[in-house]
>>> print(open('protein-v1.tsv').read())   # TSV, C-alpha atoms
chain	number	residue	atom	x	y	z
A	273	MET	CA	5.90	-3.20	-12.86
A	274	ALA	CA	9.43	-2.01	-12.23
A	275	PRO	CA	10.96	0.49	-14.67
A	276	ARG	CA	12.98	-1.30	-17.32
A	277	ARG	CA	16.74	-0.82	-17.47
A	278	GLN	CA	17.33	0.29	-21.03
A	279	GLY	CA	20.29	-1.45	-22.63
A	280	ALA	CA	23.16	0.49	-24.12
A	281	THR	CA	24.12	-2.12	-26.74
A	282	GLY	CA	24.70	-0.46	-30.11
A	283	GLU	CA	23.74	2.95	-28.71
A	284	ARG	CA	25.85	6.01	-28.11
A	285	GLU	CA	25.34	8.01	-24.91
A	286	ALA	CA	25.53	11.24	-26.91
A	287	ASP	CA	22.58	10.15	-29.05
A	288	GLU	CA	20.54	9.25	-25.97
A	289	ALA	CA	21.08	12.69	-24.44
A	290	ARG	CA	19.70	14.81	-27.28
A	291	GLY	CA	16.59	16.02	-25.46
A	292	CYS	CA	15.42	16.51	-21.89
A	293	CYS	CA	12.79	13.96	-20.88
A	294	VAL	CA	11.28	16.03	-18.06
A	295	PRO	CA	7.46	15.82	-18.01
A	296	GLY	CA	6.16	19.35	-18.54
A	297	GLU	CA	8.24	22.43	-19.23
A	298	CYS	CA	12.01	22.14	-19.69
A	299	LEU	CA	14.00	24.92	-18.04
A	300	ARG	CA	16.57	24.82	-20.84
A	301	PRO	CA	14.56	23.99	-23.96
A	302	ARG	CA	17.27	25.16	-26.36
A	303	GLU	CA	20.14	23.34	-24.69
A	304	PRO	CA	20.90	19.65	-25.31
A	305	VAL	CA	21.37	17.48	-22.27
A	306	ARG	CA	25.05	16.89	-21.57
A	307	ILE	CA	25.32	13.48	-19.94
A	308	GLU	CA	28.29	14.70	-17.90
A	309	ASP	CA	25.86	16.84	-15.90
A	310	ALA	CA	22.59	14.97	-16.39
A	311	VAL	CA	20.31	12.67	-14.39
A	312	ARG	CA	19.32	9.37	-15.95
A	313	LEU	CA	15.74	8.10	-15.64
A	314	LEU	CA	14.18	4.71	-16.39
A	315	CYS	CA	10.69	4.22	-17.83
A	316	ASN	CA	8.69	1.02	-17.31
A	317	ASN	CA	7.22	1.30	-20.80
A	318	ASP	CA	9.27	-0.96	-23.06
A	319	THR	CA	8.43	1.11	-26.14
A	320	CYS	CA	9.13	4.52	-24.58
A	321	ALA	CA	10.85	6.93	-26.96
A	322	ALA	CA	10.74	10.04	-24.75
A	323	GLY	CA	14.41	9.83	-23.81
A	324	ARG	CA	16.11	8.90	-20.61
A	325	TYR	CA	18.07	11.97	-19.50
A	326	MET	CA	17.09	15.23	-17.80
A	327	HIS	CA	18.95	18.45	-17.22
A	328	ARG	CA	19.95	18.39	-13.58
A	329	GLU	CA	17.97	21.60	-12.91
A	330	CYS	CA	14.88	20.12	-14.57
A	331	PHE	CA	15.21	16.93	-12.54
A	332	GLU	CA	15.53	18.80	-9.24
A	333	GLN	CA	12.40	20.82	-9.99
A	334	TRP	CA	10.46	17.74	-11.10
A	335	GLU	CA	11.69	15.77	-8.08
A	336	ALA	CA	10.42	18.51	-5.77
A	337	GLY	CA	6.92	18.00	-7.17
A	338	VAL	CA	7.17	14.24	-6.62
A	339	LEU	CA	8.34	14.80	-3.04
A	340	ALA	CA	5.35	17.07	-2.44
A	341	TYR	CA	3.08	14.26	-3.65
A	342	LEU	CA	4.88	11.73	-1.46
A	343	LYS	CA	4.35	13.91	1.60
A	344	SER	CA	0.59	13.35	1.37
A	345	SER	CA	0.79	9.63	0.56
A	346	GLY	CA	0.19	6.77	3.00
A	347	ARG	CA	2.83	6.07	5.62
A	348	ALA	CA	5.08	8.77	4.13
A	349	ARG	CA	2.94	11.36	5.94
A	350	SER	CA	4.76	10.50	9.16
A	351	TRP	CA	8.22	10.61	7.62
A	352	SER	CA	10.57	13.53	8.07
A	353	GLU	CA	11.70	15.57	5.06
A	354	ARG	CA	15.03	13.77	5.16
A	355	GLN	CA	13.37	10.34	5.22
A	356	ARG	CA	11.16	11.21	2.26
A	357	TYR	CA	14.17	12.41	0.29
A	358	GLN	CA	16.19	9.27	1.13
A	359	ASN	CA	13.34	6.84	0.41
A	360	LEU	CA	11.85	8.45	-2.70
A	361	TRP	CA	13.71	6.42	-5.32
A	362	THR	CA	13.85	3.20	-3.32
A	363	LYS	CA	11.03	0.66	-3.37
A	364	LYS	CA	9.90	1.89	0.05
A	365	GLY	CA	9.06	5.38	-1.22
A	366	TYR	CA	8.60	4.88	-4.96
A	367	ASP	CA	5.67	2.49	-4.46
A	368	LEU	CA	3.85	5.42	-2.83
A	369	ALA	CA	4.91	8.13	-5.28
A	370	PHE	CA	5.02	6.48	-8.70
A	371	LYS	CA	1.64	7.95	-9.70
A	372	ALA	CA	3.30	11.39	-9.70
A	373	CYS	CA	6.10	10.13	-11.98
A	374	GLY	CA	4.20	9.83	-15.24
A	375	CYS	CA	6.43	9.76	-18.32
A	376	ARG	CA	6.01	11.98	-21.38
A	377	CYS	CA	5.30	8.84	-23.44
A	378	GLY	CA	1.94	8.63	-21.63
A	379	ARG	CA	2.24	4.89	-21.00
A	380	GLY	CA	4.81	4.52	-18.27
A	381	HIS	CA	6.33	5.95	-15.14
A	382	LEU	CA	9.81	7.34	-14.58
A	383	LYS	CA	12.26	6.39	-11.86
A	384	LYS	CA	15.73	7.73	-11.15
A	385	ASP	CA	18.47	5.29	-12.13
A	386	LEU	CA	20.38	4.98	-8.87
A	387	ASP	CA	23.01	2.68	-10.42
A	388	TRP	CA	24.11	5.15	-13.10
A	389	ALA	CA	26.88	7.68	-12.67
A	390	PRO	CA	27.78	10.37	-15.25
A	391	PRO	CA	31.01	9.76	-17.18
A	392	GLY	CA	34.00	11.14	-15.33
A	393	ALA	CA	32.10	11.45	-12.04
A	394	ALA	CA	34.85	9.74	-10.05
A	395	ILE	CA	37.50	12.05	-11.51
A	396	ARG	CA	35.45	15.16	-10.77
A	397	ALA	CA	34.79	13.97	-7.22
A	398	GLU	CA	38.52	13.57	-6.62
A	399	GLU	CA	39.21	17.01	-8.08
A	400	GLU	CA	36.54	18.50	-5.82
A	401	LYS	CA	38.18	16.90	-2.76
A	402	LYS	CA	41.52	18.41	-3.74
A	403	ARG	CA	39.92	21.81	-4.24
A	404	ARG	CA	38.30	21.68	-0.81
A	405	ARG	CA	41.60	20.71	0.80
A	406	ARG	CA	43.29	23.67	-0.87
A	407	THR	CA	40.47	25.95	0.29
A	408	ARG	CA	40.76	24.76	3.89
A	409	SER	CA	44.50	25.31	3.86
A	410	GLY	CA	44.23	28.75	2.27
A	411	ARG	CA	43.37	32.12	3.72
A	412	THR	CA	39.87	33.06	4.88
A	413	PRO	CA	38.18	35.56	2.49
A	414	ALA	CA	38.15	39.16	3.66
A	415	ALA	CA	35.12	40.37	5.59
A	416	SER	CA	34.38	42.95	2.92
A	417	ASP	CA	34.02	40.20	0.36
A	418	GLY	CA	31.68	38.43	2.78
A	419	ARG	CA	29.43	41.51	2.87
A	420	SER	CA	29.54	41.70	-0.89
A	421	ARG	CA	28.30	38.13	-1.24
A	422	ALA	CA	25.63	38.55	1.42
A	423	PHE	CA	24.10	41.79	0.20
A	424	SER	CA	25.07	42.23	-3.45
A	425	LEU	CA	23.61	40.60	-6.50
A	426	SER	CA	25.54	37.75	-8.03
A	427	SER	CA	26.02	37.32	-11.77
A	428	SER	CA	22.78	35.36	-11.85
A	429	GLY	CA	20.90	38.30	-10.36
A	430	SER	CA	20.16	36.54	-7.12
A	431	CYS	CA	19.33	38.47	-3.97
A	432	SER	CA	17.37	37.08	-1.06
A	433	PRO	CA	15.34	38.85	1.64
A	434	PRO	CA	16.11	38.46	5.32
A	435	SER	CA	13.57	36.36	7.17
A	436	ALA	CA	10.83	38.06	9.13
A	437	PRO	CA	11.33	37.69	12.90
A	438	SER	CA	8.02	35.87	13.29
A	439	GLU	CA	8.75	33.30	10.59
A	440	PRO	CA	11.75	30.96	10.42
A	441	SER	CA	13.72	31.00	7.19
A	442	ALA	CA	12.82	28.33	4.68
A	443	SER	CA	16.51	28.04	3.84
A	444	PRO	CA	19.35	29.31	6.02
A	445	THR	CA	21.35	30.24	2.94
A	446	HIS	CA	18.69	32.76	1.97
A	447	ALA	CA	18.98	34.80	5.14
A	448	PRO	CA	21.98	37.19	5.04
A	449	SER	CA	24.23	36.90	8.05
A	450	HIS	CA	24.19	40.29	9.72
A	451	ALA	CA	27.28	39.39	11.74
A	452	VAL	CA	29.64	39.49	8.77
A	453	ILE	CA	30.51	43.18	9.00
A	454	PRO	CA	29.07	46.18	10.88
A	455	ALA	CA	26.55	48.20	8.90
A	456	LYS	CA	28.00	51.26	7.21
A	457	LYS	CA	26.05	54.42	7.94
A	458	LEU	CA	25.24	56.78	5.09
A	459	SER	CA	26.68	59.85	6.77
A	460	LYS	CA	26.37	63.44	5.57
A	461	PRO	CA	29.89	63.61	4.06
A	462	GLU	CA	28.80	60.82	1.73
A	463	ILE	CA	25.68	62.65	0.53
A	464	VAL	CA	27.55	64.07	-2.45
A	465	SER	CA	30.08	61.30	-2.84
A	466	ASP	CA	32.88	61.36	-5.40
A	467	ARG	CA	32.37	57.62	-5.68
A	468	ILE	CA	28.72	58.10	-6.66
A	469	ARG	CA	29.57	60.90	-9.06
A	470	ALA	CA	32.35	58.98	-10.74
A	471	GLY	CA	30.30	56.65	-12.93
A	472	ALA	CA	28.31	57.86	-15.91
A	473	GLY	CA	25.08	56.21	-17.06
A	474	ALA	CA	25.56	53.32	-19.45
A	475	ASN	CA	23.56	55.05	-22.14
A	476	GLY	CA	23.34	58.61	-20.87
A	477	ILE	CA	19.58	58.53	-20.26
A	478	PHE	CA	19.58	57.73	-16.56
A	479	SER	CA	19.63	60.19	-13.68
A	480	ARG	CA	22.68	60.93	-11.55
A	481	ARG	CA	21.93	60.57	-7.85
A	482	MET	CA	23.43	63.58	-6.07
A	483	ASP	CA	22.23	62.78	-2.55
A	484	PHE	CA	20.38	60.24	-0.44
A	485	SER	CA	17.71	62.61	0.84
A	486	THR	CA	14.84	60.40	-0.35
A	487	PHE	CA	15.93	57.74	2.14
A	488	ASN	CA	15.43	60.15	5.06
A	489	LEU	CA	11.86	58.84	5.17
A	490	LEU	CA	13.19	55.51	6.42
A	491	PRO	CA	13.59	54.80	10.13
A	492	LYS	CA	17.12	55.77	11.17
A	493	HIS	CA	18.15	52.20	11.89
A	494	LYS	CA	17.52	51.31	8.25
A	495	VAL	CA	19.73	54.00	6.73
A	496	ASN	CA	22.75	51.75	6.20
A	497	SER	CA	24.38	49.59	3.58
A	498	TYR	CA	22.44	46.50	4.69
A	499	GLN	CA	19.03	47.96	3.83
A	500	ILE	CA	20.19	50.14	0.92
A	501	LYS	CA	22.40	48.79	-1.87
A	502	ILE	CA	25.27	51.20	-2.43
A	503	GLU	CA	28.35	51.09	-4.64
A	504	ASP	CA	31.03	48.77	-3.31
A	505	GLU	CA	34.47	50.06	-2.49
A	506	GLY	CA	36.58	48.57	-5.26
A	507	ASN	CA	35.62	46.07	-7.93
A	508	HIS	CA	34.17	42.86	-6.50
A	509	GLY	CA	32.51	41.69	-9.72
A	510	ASN	CA	29.01	42.71	-8.56
A	511	ASP	CA	28.23	45.02	-11.47
A	512	ASP	CA	26.40	42.50	-13.66
A	513	THR	CA	23.01	43.18	-12.11
A	514	ARG	CA	23.33	46.96	-12.50
A	515	LEU	CA	24.35	46.59	-16.15
A	516	PHE	CA	21.52	44.11	-16.77
A	517	ILE	CA	18.91	46.53	-15.44
A	518	LEU	CA	20.31	49.62	-17.17
A	519	SER	CA	20.85	47.96	-20.54
A	520	THR	CA	17.36	46.40	-20.43
A	521	LEU	CA	15.68	49.74	-19.69
A	522	ALA	CA	17.91	51.63	-22.12
A	523	GLY	CA	16.86	49.23	-24.87
A	524	GLN	CA	13.24	50.21	-24.15
A	525	HIS	CA	14.15	53.94	-23.81
A	526	LYS	CA	12.85	53.93	-20.24
A	527	PRO	CA	14.78	56.25	-17.90
A	528	ARG	CA	11.84	55.98	-15.49
A	529	VAL	CA	9.69	53.11	-14.22
A	530	SER	CA	6.34	52.81	-12.43
A	531	CYS	CA	5.55	51.15	-9.12
A	532	ALA	CA	3.53	47.96	-9.63
A	533	LEU	CA	1.22	48.89	-6.76
A	534	CYS	CA	0.67	52.66	-6.58
A	535	LYS	CA	1.79	53.49	-10.16
A	536	GLU	CA	4.11	56.23	-8.91
A	537	THR	CA	6.80	57.19	-11.44
A	538	LEU	CA	10.36	56.53	-10.25
A	539	HIS	CA	13.63	57.77	-11.70
A	540	VAL	CA	16.25	55.15	-12.49
A	541	PHE	CA	19.79	56.10	-11.50
A	542	ASP	CA	23.04	55.10	-13.13
A	543	ARG	CA	24.63	53.88	-9.90
A	544	TYR	CA	23.44	52.05	-6.79
A	545	PRO	CA	20.93	52.53	-5.30
A	546	LEU	CA	19.34	52.27	-8.74
A	547	VAL	CA	15.82	53.24	-7.70
A	548	ASP	CA	13.92	54.50	-4.65
A	549	GLY	CA	12.43	51.06	-4.20
A	550	THR	CA	13.51	47.69	-5.57
A	551	PHE	CA	13.33	45.71	-8.81
A	552	PHE	CA	12.39	42.06	-9.15
A	553	LEU	CA	11.89	39.47	-11.88
A	554	SER	CA	8.62	37.60	-12.23
A	555	PRO	CA	7.38	35.03	-14.74
A	556	ARG	CA	4.06	36.91	-14.71
A	557	GLN	CA	3.44	40.42	-16.02
A	558	HIS	CA	1.77	42.06	-13.03
A	559	THR	CA	1.56	45.49	-14.68
A	560	GLY	CA	1.70	46.88	-18.19
A	561	SER	CA	4.85	48.82	-17.36
A	562	ALA	CA	6.83	45.67	-16.54
A	563	VAL	CA	9.55	45.04	-19.13
A	564	GLU	CA	9.82	41.63	-20.79
A	565	VAL	CA	13.29	40.06	-20.66
A	566	LYS	CA	14.83	36.68	-21.40
A	567	VAL	CA	16.77	35.10	-18.55
A	568	GLU	CA	18.39	31.73	-19.24
A	569	GLY	CA	15.88	31.13	-22.03
A	570	ARG	CA	12.85	31.89	-19.85
A	571	THR	CA	10.53	34.86	-20.27
A	572	GLN	CA	10.59	37.11	-17.20
A	573	TYR	CA	9.25	40.59	-16.45
A	574	LEU	CA	11.38	43.27	-14.84
A	575	THR	CA	9.08	44.95	-12.31
A	576	CYS	CA	9.54	47.67	-9.70
A	577	VAL	CA	7.95	48.50	-6.32
A	578	CYS	CA	8.52	51.88	-4.71
A	579	MET	CA	9.94	52.42	-1.24
A	580	GLY	CA	6.63	53.81	0.04
A	581	CYS	CA	4.73	50.62	-0.81
A	582	LEU	CA	7.49	48.39	0.53
A	583	GLU	CA	7.54	50.28	3.83
A	584	ARG	CA	3.74	50.88	3.91
A	585	TYR	CA	4.08	54.58	4.70
A	586	ASP	CA	0.31	55.04	4.92
A	587	PRO	CA	-2.80	52.79	5.01
A	588	ASP	CA	-3.47	53.34	1.30
A	589	ARG	CA	-0.24	51.50	0.52
A	590	THR	CA	-1.10	48.44	2.61
A	591	ILE	CA	-2.14	45.27	0.79
A	592	ARG	CA	-3.58	42.17	2.44
A	593	CYS	CA	-4.12	38.57	1.44
A	594	ARG	CA	-7.64	38.20	0.07
A	595	PHE	CA	-8.02	34.84	1.78
A	596	CYS	CA	-6.55	35.16	5.29
A	597	GLY	CA	-6.21	38.95	5.67
A	598	GLN	CA	-2.50	38.94	6.50
A	599	LYS	CA	-0.61	42.09	5.48
A	600	TRP	CA	2.13	41.81	2.89
A	601	ASP	CA	5.35	43.29	4.23
A	602	GLY	CA	8.24	44.33	1.98
A	603	SER	CA	10.13	46.35	4.57
A	604	SER	CA	12.86	43.71	4.94
A	605	LEU	CA	13.86	43.89	1.27
A	606	VAL	CA	17.07	45.63	0.24
A	607	LEU	CA	16.43	48.90	-1.59
A	608	GLY	CA	18.00	50.00	-4.84
A	609	THR	CA	18.81	46.59	-6.30
A	610	MET	CA	17.01	43.59	-7.87
A	611	TYR	CA	15.64	40.24	-6.74
A	612	SER	CA	15.70	37.34	-9.18
A	613	TYR	CA	12.24	36.10	-8.20
A	614	ASP	CA	8.73	37.39	-7.55
A	615	ILE	CA	8.88	39.11	-4.16
A	616	PHE	CA	5.08	39.10	-3.77
A	617	MET	CA	4.90	35.32	-4.11
A	618	ALA	CA	8.05	34.38	-2.17
A	619	THR	CA	6.29	33.98	1.21
A	620	PRO	CA	2.80	32.48	0.71
A	621	CYS	CA	0.75	33.01	3.85
A	622	CYS	CA	-2.07	30.50	3.45
A	623	ALA	CA	-3.17	27.33	1.67
A	624	GLU	CA	-5.04	29.18	-1.09
A	625	ARG	CA	-1.72	30.50	-2.37
A	626	LEU	CA	-0.39	26.95	-2.76
A	627	LYS	CA	-3.03	25.64	-5.16
A	628	CYS	CA	-2.69	24.60	-8.80
A	629	ASN	CA	-3.70	27.29	-11.30
A	630	ASN	CA	-5.55	24.67	-13.36
A	631	CYS	CA	-7.31	22.18	-11.06
A	632	PHE	CA	-7.06	24.27	-7.85
A	633	LYS	CA	-5.84	21.31	-5.81
A	634	PRO	CA	-3.02	21.86	-3.29
A	635	LEU	CA	0.52	21.46	-4.58
A	636	LEU	CA	2.10	21.50	-1.13
A	637	HIS	CA	1.10	20.76	2.43
A	638	PRO	CA	0.12	24.04	4.17
A	639	GLN	CA	3.07	23.72	6.56
A	640	GLN	CA	5.60	22.89	3.83
A	641	ARG	CA	7.88	25.72	2.75
A	642	LEU	CA	10.24	26.14	-0.19
A	643	ASN	CA	13.13	28.51	-0.77
A	644	TYR	CA	12.02	32.03	-1.64
A	645	SER	CA	13.02	31.73	-5.30
A	646	ASP	CA	11.46	28.27	-5.77
A	647	TYR	CA	7.94	29.72	-5.70
A	648	SER	CA	8.73	31.49	-8.99
A	649	HIS	CA	9.84	28.32	-10.79
A	650	PRO	CA	7.62	26.17	-13.03
A	651	VAL	CA	6.30	23.01	-11.38
A	652	THR	CA	4.13	20.15	-12.59
A	653	CYS	CA	0.91	19.60	-10.68
A	654	PRO	CA	0.86	16.03	-9.33
A	655	HIS	CA	-2.94	15.93	-9.78
A	656	CYS	CA	-3.67	17.29	-13.28
A	657	ARG	CA	-0.08	17.09	-14.62
A	658	VAL	CA	-0.18	20.67	-15.93
A	659	ALA	CA	3.19	22.43	-15.79
A	660	ASP	CA	3.05	26.10	-14.85
A	661	THR	CA	4.40	28.69	-12.43
A	662	HIS	CA	1.49	27.73	-10.20
A	663	PHE	CA	2.60	29.72	-7.14
A	664	VAL	CA	2.83	32.97	-9.12
A	665	LYS	CA	-0.69	34.34	-9.33
A	666	PRO	CA	-2.12	37.73	-10.37
A	667	LEU	CA	-1.76	40.40	-7.69
A	668	SER	CA	-5.48	41.13	-7.83
A	669	TYR	CA	-6.21	37.45	-7.14
A	670	CYS	CA	-3.96	37.31	-4.06
A	671	PHE	CA	-4.25	40.78	-2.53
A	672	THR	CA	-6.70	43.51	-1.66
A	673	LYS	CA	-6.02	47.10	-0.60
A	674	ARG	CA	-9.01	47.39	1.68
A	675	VAL	CA	-9.63	45.97	5.14
A	676	PHE	CA	-10.31	42.24	4.99
A	677	PRO	CA	-12.69	40.82	3.84
A	678	LEU	CA	-13.69	43.65	1.48
A	679	PHE	CA	-11.96	43.16	-1.86
A	680	GLN	CA	-10.64	45.79	-4.21
A	681	GLN	CA	-8.30	45.65	-7.16
A	682	TRP	CA	-5.91	48.50	-7.83
A	683	PRO	CA	-5.95	50.16	-11.24
>>> encode(input="protein-v1.tsv", output="structure tokens")
Amino acid sequence: MAPRRQGATGEREADEARGCCVPGECLRPREPVRIEDAVRLLCNNDTCAAGRYMHRECFEQWEAGVLAYLKSSGRARSWSERQRYQNLWTKKGYDLAFKACGCRCGRGHLKKDLDWAPPGAAIRAEEEKKRRRRTRSGRTPAASDGRSRAFSLSSSGSCSPPSAPSEPSASPTHAPSHAVIPAKKLSKPEIVSDRIRAGAGANGIFSRRMDFSTFNLLPKHKVNSYQIKIEDEGNHGNDDTRLFILSTLAGQHKPRVSCALCKETLHVFDRYPLVDGTFFLSPRQHTGSAVEVKVEGRTQYLTCVCMGCLERYDPDRTIRCRFCGQKWDGSSLVLGTMYSYDIFMATPCCAERLKCNNCFKPLLHPQQRLNYSDYSHPVTCPHCRVADTHFVKPLSYCFTKRVFPLFQQWP
């Protein structure tokens, strides 16, 4: 039965958009759905009262789960990613995937309304064309700004690791382009830098970094501004992440943090590099020292890993997948800053890491890969319909410190 097209007679669009109809967890539970930036869905249950609009972010996440289901269904197995995406909401693809599109009403299935366009969409499209024309006719941004975007945290706290040489990037936009600007060496004259000294801690409880001697343990080719986040020359608007970390820790009276793996205590500094390691946000509390924060209405945990564990200075700091034995490698991560997703779960190495936390059935094909940050987002299992951050699992479940296959949990 095809999804019904709900009539708009006697109804106001604003009333229809009061709540997000995404099955499972809404990414913006406290925000009403604005139809100007929403996706409209149709349910084939004539008495459905679950709503017909989703936040665009919620739809994209839900759609990814449906695409994963489609990939393992019938003739769609032989389709390319592009073909699956193009066919999903047409009869050709939807007939194969509708079982993964259950509605919250429990009696119908959802389908994207391909004939609906948000109010004002044509006007916004024209404005976007004009903006692009102005951009093309304008000046090219300075190279220094390019480096800032590639290696600094944006206002959303996003920072992505370079791809390992042996593994192609899941998304080209997540791999910083090392050709933007030559790496800046941290030379001796900069060891006691006036620029580093200039800023005081936001709350006076954090340490002042007087030199970079701790980074002498790194290989020489890594002692540069690509591998270590340092203060930018001038104000490029990249201070939000630093202030977020410092204000969060100051609110908990924590001038020091602990490594999630070895438990080593690390000083937090008032300027970049903020720590002799790196911070990251995870929806799971991997260690008791992780600090709970709210980011866009979602509970996250600010966690830290020291430089020694990232670089695997000695065998005791090496962790391996409990299922396939592959070593986890954090040496490509930028030091002294923060990643907006769980760095341990961003590159799953085997099929066991891709299973539902509830029914333990695979959520993705073993060869399918998502963007680094997508593994930290909530998804709805197409088999048991449970919504969870299924790809984010306890460290002790995924990793062992001893030689495979002997298992050991760290304290």
>>> atom_distance(input="protein-v1.tsv", atom1="atom CA of Lys371 of chain A", atom2="atom CA of Val294 of chain A")
15.1 Å
>>> atom_distance(input="protein-v1.tsv", atom1="atom CA of Leu642 of chain A", atom2="atom CA of Ala618 of chain A")
8.8 Å
>>> closest_residue(input="protein-v1.tsv", among="A:Pro391, A:Gly346, A:Gly365, A:Pro491", to="Val311 of chain A", atoms="only C-alpha atoms")
A:Pro391
>>> residues_around(input="protein-v1.tsv", residues="segment 329-333 of chain A", least_positions_apart="3", cutoff="10 Å", atoms="all atoms listed in the file", output="number ranges by chain")
A: 292-300, 309-313, 325-326, 336-338, 384, 646, 649-652
>>> closest_atom_pairs(input="protein-v1.tsv", of="segment 495-537 of chain A", to="segment 600-607 of chain A", cutoff="7 Å", atoms="all atoms listed in the file", output="Markdown table")
| residue | atom | partner | partner_atom | distance |
| --- | --- | --- | --- | --- |
| A:Gln499 | CA | A:Val606 | CA | 4.7 |
| A:Ile500 | CA | A:Leu607 | CA | 4.7 |
| A:Lys501 | CA | A:Leu607 | CA | 6.0 |
>>> write_last_selection(input="protein-v1.tsv", atoms="C-alpha atoms", output="mmCIF file, in the frame of the given file")
data_model
loop_
_atom_site.group_PDB
_atom_site.id
_atom_site.type_symbol
_atom_site.label_atom_id
_atom_site.label_comp_id
_atom_site.auth_asym_id
_atom_site.auth_seq_id
_atom_site.Cartn_x
_atom_site.Cartn_y
_atom_site.Cartn_z
ATOM 1 C CA GLN A 499 19.030 47.960 3.830
ATOM 2 C CA ILE A 500 20.190 50.140 0.920
ATOM 3 C CA LYS A 501 22.400 48.790 -1.870
#
>>> closest_residue(input="protein-v1.tsv", among="A:Ser479, A:Asp385, A:Cys320, A:Leu342", to="Lys364 of chain A", atoms="only C-alpha atoms")
A:Leu342
>>> closest_residue(input="protein-v1.tsv", among="A:Arg376, A:Arg584, A:Arg356, A:Lys402", to="Leu339 of chain A", atoms="only C-alpha atoms")
A:Arg356
>>> closest_residue(input="protein-v1.tsv", among="A:Val495, A:Ala532, A:Cys593, A:Leu546", to="Phe478 of chain A", atoms="only C-alpha atoms")
A:Leu546
>>> residues_around(input="protein-v1.tsv", residues="Phe663 of chain A", least_positions_apart="2", cutoff="8 Å", atoms="only C-alpha atoms", output="list of chain:residue names")
A:Met617, A:Arg625, A:Leu626, A:Lys627, A:Cys628, A:Asn629, A:Tyr647, A:Ser648, A:Thr661, A:Lys665
>>> atom_distance(input="protein-v1.tsv", atom1="atom CA of Arg657 of chain A", atom2="atom CA of Trp361 of chain A")
19.8 Å
>>> residues_near_point(input="protein-v1.tsv", point="(12.7, 53.4, -4.7)", cutoff="6 Å", atoms="all atoms listed in the file", output="ChimeraX atom specification")
/A:547-550,578-579
>>> closest_residue(input="protein-v1.tsv", among="A:Leu368, A:Ala322, A:Leu533, A:Val658", to="Asp588 of chain A", atoms="all atoms listed in the file")
A:Leu533
>>> residues_around(input="protein-v1.tsv", residues="Lys343 of chain A", least_positions_apart="4", cutoff="12 Å", atoms="all atoms listed in the file", output="ChimeraX atom specification")
/A:336-339,347-357,359-360,365-366,368-369,372,634-640,654
>>> closest_residue(input="protein-v1.tsv", among="A:Thr571, A:Ser645, A:Thr362, A:Thr513", to="Arg543 of chain A", atoms="all atoms listed in the file")
A:Thr513
>>> residues_around(input="protein-v1.tsv", residues="Cys670 of chain A", least_positions_apart="3", cutoff="10 Å", atoms="all atoms listed in the file", output="compact mmCIF listing (two decimals) with C-alpha atoms, keeping the file's coordinate frame")
# COMPACT_ATOMS: atom_id res chain seq x y z
CA ILE A 591 -2.14 45.27 0.79
CA ARG A 592 -3.58 42.17 2.44
CA CYS A 593 -4.12 38.57 1.44
CA ARG A 594 -7.64 38.20 0.07
CA PHE A 595 -8.02 34.84 1.78
CA CYS A 596 -6.55 35.16 5.29
CA PHE A 616 5.08 39.10 -3.77
CA MET A 617 4.90 35.32 -4.11
CA PRO A 620 2.80 32.48 0.71
CA GLU A 624 -5.04 29.18 -1.09
CA ARG A 625 -1.72 30.50 -2.37
CA VAL A 664 2.83 32.97 -9.12
CA LYS A 665 -0.69 34.34 -9.33
CA PRO A 666 -2.12 37.73 -10.37
CA LEU A 667 -1.76 40.40 -7.69
CA GLN A 681 -8.30 45.65 -7.16
>>> decode(input="protein-v1.tsv", residues="segment 649-655 of chain A", atoms="N, CA, C and O atoms", output="PDB file, in the first residue's frame")
ATOM      1  N   HIS A 649      27.142   9.036  16.132  1.00  0.00           N
ATOM      2  CA  HIS A 649      25.762   9.518  16.104  1.00  0.00           C
ATOM      3  C   HIS A 649      24.777   8.395  16.415  1.00  0.00           C
ATOM      4  O   HIS A 649      25.041   7.226  16.109  1.00  0.00           O
ATOM      5  N   PRO A 650      23.621   8.723  16.982  1.00  0.00           N
ATOM      6  CA  PRO A 650      22.595   7.699  17.204  1.00  0.00           C
ATOM      7  C   PRO A 650      22.040   7.199  15.872  1.00  0.00           C
ATOM      8  O   PRO A 650      21.881   7.969  14.927  1.00  0.00           O
ATOM      9  N   VAL A 651      21.786   5.912  15.796  1.00  0.00           N
ATOM     10  CA  VAL A 651      21.161   5.312  14.615  1.00  0.00           C
ATOM     11  C   VAL A 651      20.107   4.328  15.090  1.00  0.00           C
ATOM     12  O   VAL A 651      20.152   3.825  16.217  1.00  0.00           O
ATOM     13  N   THR A 652      19.152   4.052  14.229  1.00  0.00           N
ATOM     14  CA  THR A 652      18.102   3.075  14.539  1.00  0.00           C
ATOM     15  C   THR A 652      18.422   1.758  13.850  1.00  0.00           C
ATOM     16  O   THR A 652      18.632   1.722  12.629  1.00  0.00           O
ATOM     17  N   CYS A 653      18.473   0.703  14.609  1.00  0.00           N
ATOM     18  CA  CYS A 653      18.767  -0.610  14.035  1.00  0.00           C
ATOM     19  C   CYS A 653      17.637  -1.026  13.107  1.00  0.00           C
ATOM     20  O   CYS A 653      16.462  -1.013  13.510  1.00  0.00           O
ATOM     21  N   PRO A 654      17.931  -1.400  11.868  1.00  0.00           N
ATOM     22  CA  PRO A 654      16.874  -1.809  10.939  1.00  0.00           C
ATOM     23  C   PRO A 654      16.255  -3.160  11.300  1.00  0.00           C
ATOM     24  O   PRO A 654      15.211  -3.515  10.756  1.00  0.00           O
ATOM     25  N   HIS A 655      16.868  -3.897  12.223  1.00  0.00           N
ATOM     26  CA  HIS A 655      16.367  -5.222  12.594  1.00  0.00           C
ATOM     27  C   HIS A 655      15.454  -5.169  13.823  1.00  0.00           C
ATOM     28  O   HIS A 655      14.320  -5.637  13.773  1.00  0.00           O
TER      29      HIS A 655
END
